[in-house]
Each structure stands twice: as C-alpha cells, then as structure tokens.
Amino acid sequence: MESKYTAIRDIILRNIPDVGNYATSIDGVRIVKRNSPTEFLRCFYNPSCIFVLQGLKNMLYGNENIFYTKGQYVVSCTDIPVSSRVVEASEDTPFVVLILELDSNIISNLILETKLPKTPVQDTKALAIADTDEELLDVFYRLAMLIEKPEAEQQIMSPIIIKEIYYRLLTGPLGNQLRLINTRGTLSNQIAQAIALIKERYCEKLNMDVLAQSVNMAPSSFYRNFKKVTRVSPLQYQKQLKLYEAQRLMLSGNYDATTASYEVGYESPTQFSREYKKMFGNPPKTDVKNLAAV
C-alpha cells in the first residue's frame, strides 16, 4: 500500500505548479499542496471526498474537533461550513491531498442500480472521516495515474473510475451518510434539498417556515434536523453563504466592501462589515488584502 501512496503523491507534486488548490484536466478532480502550517480559516466543504497523501489537517465541524492525515479520507455529503487549518506541512514534506467532487445524481442512480440496502439508522452526520482500505486506495491510484494520460483516455476512463470510487464509498464505513443524503424521502435528503434552495436564494430574506414546508417538514423538525446535518441554524447558514460570496466578489478585484455587501443582499454596509469581521476576524478590506497576499 505504501508504494501506491507514494506514487499518487508524486503524480500530484509533478502536476501542481506551486502551493494552492488546482483543478486537474479531469472534471471534478482537484489537487492541493501546502508547504507550511496555516491558521484556522472558515470555509465551505462542498460535496466531496478528500483523499490525504501527506501531512495533517485539523477541522472544526460544529463542536467536533477532527484531525485527518495520510491513510484517511474525508467525505462531505453536502455543503458544510467548517473551520480548518493545516497542522503539519513543510517544503520537504508538504501537505498533499487529492479531492474528488461528488455528483449527487450519479450517486443516487448508483444506489438504485446496485440495490444497496436501506440504512437502518438515521445518521444525519454529513461530514466524517474513515481509514482508507486497499480497494479504495487502488481506485484512487488509478484515478491519479489518469491525470498524466492523454485527454482522449481521460474522457473514456475517468467516468468509469469515478463511478467505482462512488461504489467503494457507498459500501465503505461512511456509506450510510452518503446513502441517506442521496436517497429521496430521508430526512437528510430533505435537508440537502433545503440547502440547495438556500444557495439559490441566499440574497433574499428567507421565511424559514415556508422553507420547511417546501421540503415537507414541520418547522421544528426542519430546524432540528438542519442543525444536525450542518451544525448551524438555517439563518446562520444563509449568513455564512452571503459573507463567503461577498469575500469572493472582493477578491475578484471588481467589488469594494460596500458594493459587495449590496450584491449579496445586505441593506447596511455597516452591518455587513460588523458581521464580516465577526466571522473572518478582520474588517473586509484588511481580510481581502491579507488573503490576496497569500
């Protein structure tokens, strides 16, 4: 197994120009490298599988303090707000991961196609880690090797290999969470639908009773289960989406703090600056300047 970890790591390092988070030529596959530890940064983990090749990372998910390292993988079943930092990384031994974005449509169809058993326990936890077994390592090894293959081969082989990864994830220790959130009619899937609606309308003032009704849940049940999945309330979730989008707009260089605040639905730039500082630790202008320098 060790030789495959080394081979995947070396492929990533050959194909990444510098520290950072980069898309590969394979749709939905990203590679990340960090050469030094970082401070905690707030971010959203999108539906993805993070496969760790080297280094150590620390993540805060609600009240959980999670560490993950080589030999482990992280599954985020939906868009989850977290804080994370790289703990162990250096020039000689960088933090290296391969990230596969998860397609819920493919996963849902695979659940039906393979007739996987229904999950007996309603585990609403949407983000977790597990140890990588030899079968999952092997399929990630073949995916990594594909990065250096011709484009024609990538187009033919990548959907086959990625589908196998989905199957290994669904039948592995974190398969329950993936099945629940991608199976219609479960509480987790209803929350996933609500998350999609919030993402579509994050600039609007949301009526949470109406949102709960749109996914066929009573308001009290909706609020309770939303927080179980995301570890934040629906309104906190929407606020974080607004602030992340404002940060992205300012980093693009085309928006100052005032115009970004209006763009994401704030009526008061002062309130925006106050909430931005509370979330990110610095006022918008200072934060964006620091991020642009990284």
# chains A, B, ... in the order shown; residues from 1 in each chain; ligands from 1
>>> residues_around(residues="region 100-108 of chain A", least_positions_apart="3", cutoff="6 Å", atoms="only C-alpha atoms", output="PyMOL selection string")
chain A and resi 28-29+47-49+111+182
>>> write_last_selection(atoms="C-alpha atoms", output="short mmCIF file (atom, residue, chain, number, x, y, z; two decimals), in the first residue's frame")
data_model
loop_
_atom_site.label_atom_id
_atom_site.label_comp_id
_atom_site.auth_asym_id
_atom_site.auth_seq_id
_atom_site.Cartn_x
_atom_site.Cartn_y
_atom_site.Cartn_z
CA GLY A 28 -14.25 17.17 -10.75
CA VAL A 29 -10.73 16.27 -9.62
CA PRO A 47 -19.86 17.56 -1.57
CA SER A 48 -16.52 15.84 -2.00
CA CYS A 49 -14.12 13.11 -0.96
CA ILE A 111 -27.84 3.49 -5.19
CA ASN A 182 -28.76 10.97 -1.68
#
>>> select_by_dssp(residues="region 19-260 of chain A", states="alpha helix (DSSP H)", output="PyMOL selection string")
chain A and resi 104-114+134-146+151-170+175-181+187-200+208-214+219-230+234-251+257-260
>>> closest_atom_pairs(of="region 75-176 of chain A", to="region 193-217 of chain A", cutoff="12 Å", atoms="only C-alpha atoms", output="JSON lines")
{"residue": "A:Cys77", "atom": "CA", "partner": "A:Ile195", "partner_atom": "CA", "distance": 11.7}
{"residue": "A:Thr78", "atom": "CA", "partner": "A:Ile195", "partner_atom": "CA", "distance": 8.2}
{"residue": "A:Asp79", "atom": "CA", "partner": "A:Ile195", "partner_atom": "CA", "distance": 7.6}
{"residue": "A:Ile80", "atom": "CA", "partner": "A:Ile195", "partner_atom": "CA", "distance": 9.5}
{"residue": "A:Pro81", "atom": "CA", "partner": "A:Ile195", "partner_atom": "CA", "distance": 11.6}
{"residue": "A:Ser104", "atom": "CA", "partner": "A:Gln193", "partner_atom": "CA", "distance": 11.3}
>>> residues_around(residues="Ala89 (chain A)", least_positions_apart="4", cutoff="6 Å", atoms="only C-alpha atoms", output="list in words")
Asn35, Ser36, Pro37, Gly55, Thr93, Pro94 and Phe95 of chain A
>>> select_by_dssp(residues="region 8-128 of chain A", states="strand (DSSP E or B)", output="NGL selection string")
:A and (20-23 or 29-34 or 41-45 or 48-54 or 56-61 or 64-69 or 72-76 or 80-88 or 95-101 or 127-128)
>>> closest_residue(among="A:Lys33, A:Lys4, A:Arg42, A:Lys239", to="Ile16 (chain A)", atoms="only C-alpha atoms")
A:Lys33
>>> closest_residue(among="A:Leu143, A:Ile50, A:Leu116, A:Ile160", to="Asp131 (chain A)", atoms="only C-alpha atoms")
A:Ile50
>>> residues_around(residues="Phe51 (chain A)", least_positions_apart="3", cutoff="6 Å", atoms="only C-alpha atoms", output="PyMOL selection string")
chain A and resi 73+97-98
>>> atom_distance(atom1="CA of Arg30 (chain A)", atom2="CA of Ile99 (chain A)")
5.0 Å
>>> atom_distance(atom1="CA of Gly185 (chain A)", atom2="CA of Val229 (chain A)")
15.5 Å
>>> closest_residue(among="A:Val288, A:Ile162, A:Met1, A:Leu174", to="Asp133 (chain A)", atoms="only C-alpha atoms")
A:Met1
>>> residues_around(residues="Val139 (chain A)", least_positions_apart="3", cutoff="9 Å", atoms="only C-alpha atoms", output="PyMOL selection string")
chain A and resi 134-136+142-144+161-162+164-165+168
>>> closest_residue(among="A:Gln236, A:Ser90, A:Gln190, A:Thr259", to="Ala218 (chain A)", atoms="only C-alpha atoms")
A:Gln190
>>> closest_residue(among="A:Gln238, A:Lys227, A:Phe67, A:Lys285", to="Gly253 (chain A)", atoms="only C-alpha atoms")
A:Lys285
>>> closest_residue(among="A:Val52, A:Phe226, A:Tyr276, A:Val82", to="Asn65 (chain A)", atoms="only C-alpha atoms")
A:Val82
>>> residues_around(residues="Ser268 (chain A)", least_positions_apart="6", cutoff="9 Å", atoms="only C-alpha atoms", output="PyMOL selection string")
chain A and resi 258+261-262
>>> atom_distance(atom1="CA of Thr230 (chain A)", atom2="CA of Lys125 (chain A)")
8.0 Å
